[in-house]
Amino acid sequence: MFPISAGVVSHGAIRIQLFEEHHADTLFQLIEQNRPSLRQWLPWLDWSHSPSDTAEHIRLSHERHKESNGFSAGIWIDDRLAGAIGVHAIDPRHRSSSLGYWLAENYRGSGIMTKACAAVVTAAFSQYNLHRLEIRCATGNRKSCAIAERLGFIYEGTLREAEWLYDHFVDLKVYSMLEQDRQVYPE
């Protein structure tokens, strides 16, 4: 289980660690190296122009974490930053949130993200007392949709033109898992 309060979890060579301000330069450089491929599916890249923008994101994420309102963490492979994962802002009344994630190109296709997501899903339900967790993916992002499906999330439907992606709207597939449907993932 990912101990969110401790800020670090290890799963073999995979370590998930809450971002700290000193990670800003490393995170920004990884975003820069992967900007063209990330831009295909992630709408926030135009808000990240410098290490100081990344540091601000990390500060805001820390505030949310302190308030038990989600978090943002790095996915580290053999002590190298490979991507990011997090639980978005939590709706306390409905005990629901969503999961976001991305991985650098050179780490894709090896099961890293599925393992990282499994750890964070387990933590989200147990430590935030969630009832519902969503994953939303652009309909064309088959790899991200496949992660939701492998983890046992249920496809609920497609939100038409639900996200502005730089110069056009994209449809989003919505997957969910409820606390009673929660999976136990192998370590």
# chains A, B, ... in the order shown; residues from 1 in each chain; ligands from 1

$ residues_around --residues "Thr54 (chain A)" --least-positions-apart "3" --cutoff "6 Å" --atoms "only C-alpha atoms" --output "MDAnalysis selection string"
chainID A and resid 24 51 57

$ atom_distance --atom1 "CA of Gln127 (chain A)" --atom2 "CA of Glu63 (chain A)"
16.8 Å

$ closest_atom_pairs --of "region 62-141 of chain A" --to "region 174-178 of chain A" --cutoff "10 Å" --atoms "only C-alpha atoms" --output "CSV"
residue,atom,partner,partner_atom,distance
A:Ser96,CA,A:Leu178,CA,9.1
A:Ser97,CA,A:Ser176,CA,9.8
A:Ser98,CA,A:Ser176,CA,8.6
A:Leu99,CA,A:Ser176,CA,10.0
A:Val121,CA,A:Met177,CA,9.2
A:Phe125,CA,A:Leu178,CA,8.9
A:Leu130,CA,A:Leu178,CA,8.2
A:His131,CA,A:Leu178,CA,5.5
A:Arg132,CA,A:Leu178,CA,4.5
A:Leu133,CA,A:Met177,CA,5.4
A:Glu134,CA,A:Ser176,CA,4.3
A:Ile135,CA,A:Tyr175,CA,5.2
A:Arg136,CA,A:Val174,CA,4.7
A:Cys137,CA,A:Val174,CA,6.8
A:Ala138,CA,A:Val174,CA,9.0
A:Thr139,CA,A:Val174,CA,9.4

$ write_last_selection --atoms "C-alpha atoms" --output "compact mmCIF listing (two decimals), in the first residue's frame"
# COMPACT_ATOMS: atom_id res chain seq x y z
CA SER A 96 -14.91 11.03 -4.82
CA SER A 97 -11.89 12.03 -6.85
CA SER A 98 -10.00 11.15 -10.00
CA LEU A 99 -6.58 9.80 -10.81
CA VAL A 121 -5.69 3.35 -6.15
CA PHE A 125 -9.46 4.27 -1.09
CA LEU A 130 -13.11 7.45 -0.96
CA HIS A 131 -16.32 5.93 -2.23
CA ARG A 132 -15.60 6.57 -5.93
CA LEU A 133 -12.46 7.04 -8.00
CA GLU A 134 -12.47 7.97 -11.68
CA ILE A 135 -10.02 7.81 -14.53
CA ARG A 136 -10.85 10.00 -17.52
CA CYS A 137 -9.03 9.42 -20.80
CA ALA A 138 -9.34 10.94 -24.24
CA THR A 139 -11.06 8.41 -26.48

$ closest_residue --among "A:Ser72, A:Thr122, A:Thr114, A:Gln17" --to "Asp181 (chain A)" --atoms "only C-alpha atoms"
A:Thr122

$ residues_around --residues "Gln33 (chain A)" --least-positions-apart "3" --cutoff "12 Å" --atoms "only C-alpha atoms" --output "ChimeraX atom specification"
/A:26-30,36-39,82-83,103-106

$ write_last_selection --atoms "C-alpha atoms" --output "short mmCIF file (atom, residue, chain, number, x, y, z; two decimals), in the first residue's frame"
data_model
loop_
_atom_site.label_atom_id
_atom_site.label_comp_id
_atom_site.auth_asym_id
_atom_site.auth_seq_id
_atom_site.Cartn_x
_atom_site.Cartn_y
_atom_site.Cartn_z
CA THR A 26 14.14 17.61 -12.51
CA LEU A 27 10.39 17.46 -13.11
CA PHE A 28 10.46 20.44 -15.47
CA GLN A 29 13.32 18.91 -17.49
CA LEU A 30 11.40 15.63 -17.84
CA PRO A 36 5.57 16.71 -27.76
CA SER A 37 4.21 13.31 -26.71
CA LEU A 38 2.58 14.61 -23.51
CA ARG A 39 0.91 17.43 -25.42
CA ALA A 82 10.09 8.60 -14.94
CA GLY A 83 6.73 10.38 -14.63
CA LEU A 103 5.06 8.61 -18.01
CA ALA A 104 8.13 9.60 -20.02
CA GLU A 105 8.29 7.99 -23.45
CA ASN A 106 11.29 5.78 -22.70
#

$ select_by_dssp --residues "region 2-177 of chain A" --states "strand (DSSP E)" --output "ChimeraX atom specification"
/A:8-11,14-18,71-77,80-87,96-103,132-138,154-164,169-177

$ select_by_dssp --residues "chain A" --states "alpha helix (DSSP H)" --output "JSON, numbers by chain"
{"A": [24, 25, 26, 27, 28, 29, 30, 31, 32, 33, 34, 35, 36, 37, 38, 39, 51, 52, 53, 54, 55, 56, 57, 58, 59, 60, 61, 62, 63, 64, 65, 66, 112, 113, 114, 115, 116, 117, 118, 119, 120, 121, 122, 123, 124, 125, 126, 127, 128, 142, 143, 144, 145, 146, 147, 148, 149, 150]}

$ closest_residue --among "A:Ala148, A:Ile112, A:Leu60, A:Leu172" --to "Ile14 (chain A)" --atoms "only C-alpha atoms"
A:Ile112

$ atom_distance --atom1 "CA of Arg150 (chain A)" --atom2 "CA of Arg80 (chain A)"
25.4 Å

$ closest_residue --among "A:His65, A:Lys173, A:Lys143, A:Gly86" --to "Tyr155 (chain A)" --atoms "only C-alpha atoms"
A:Lys173
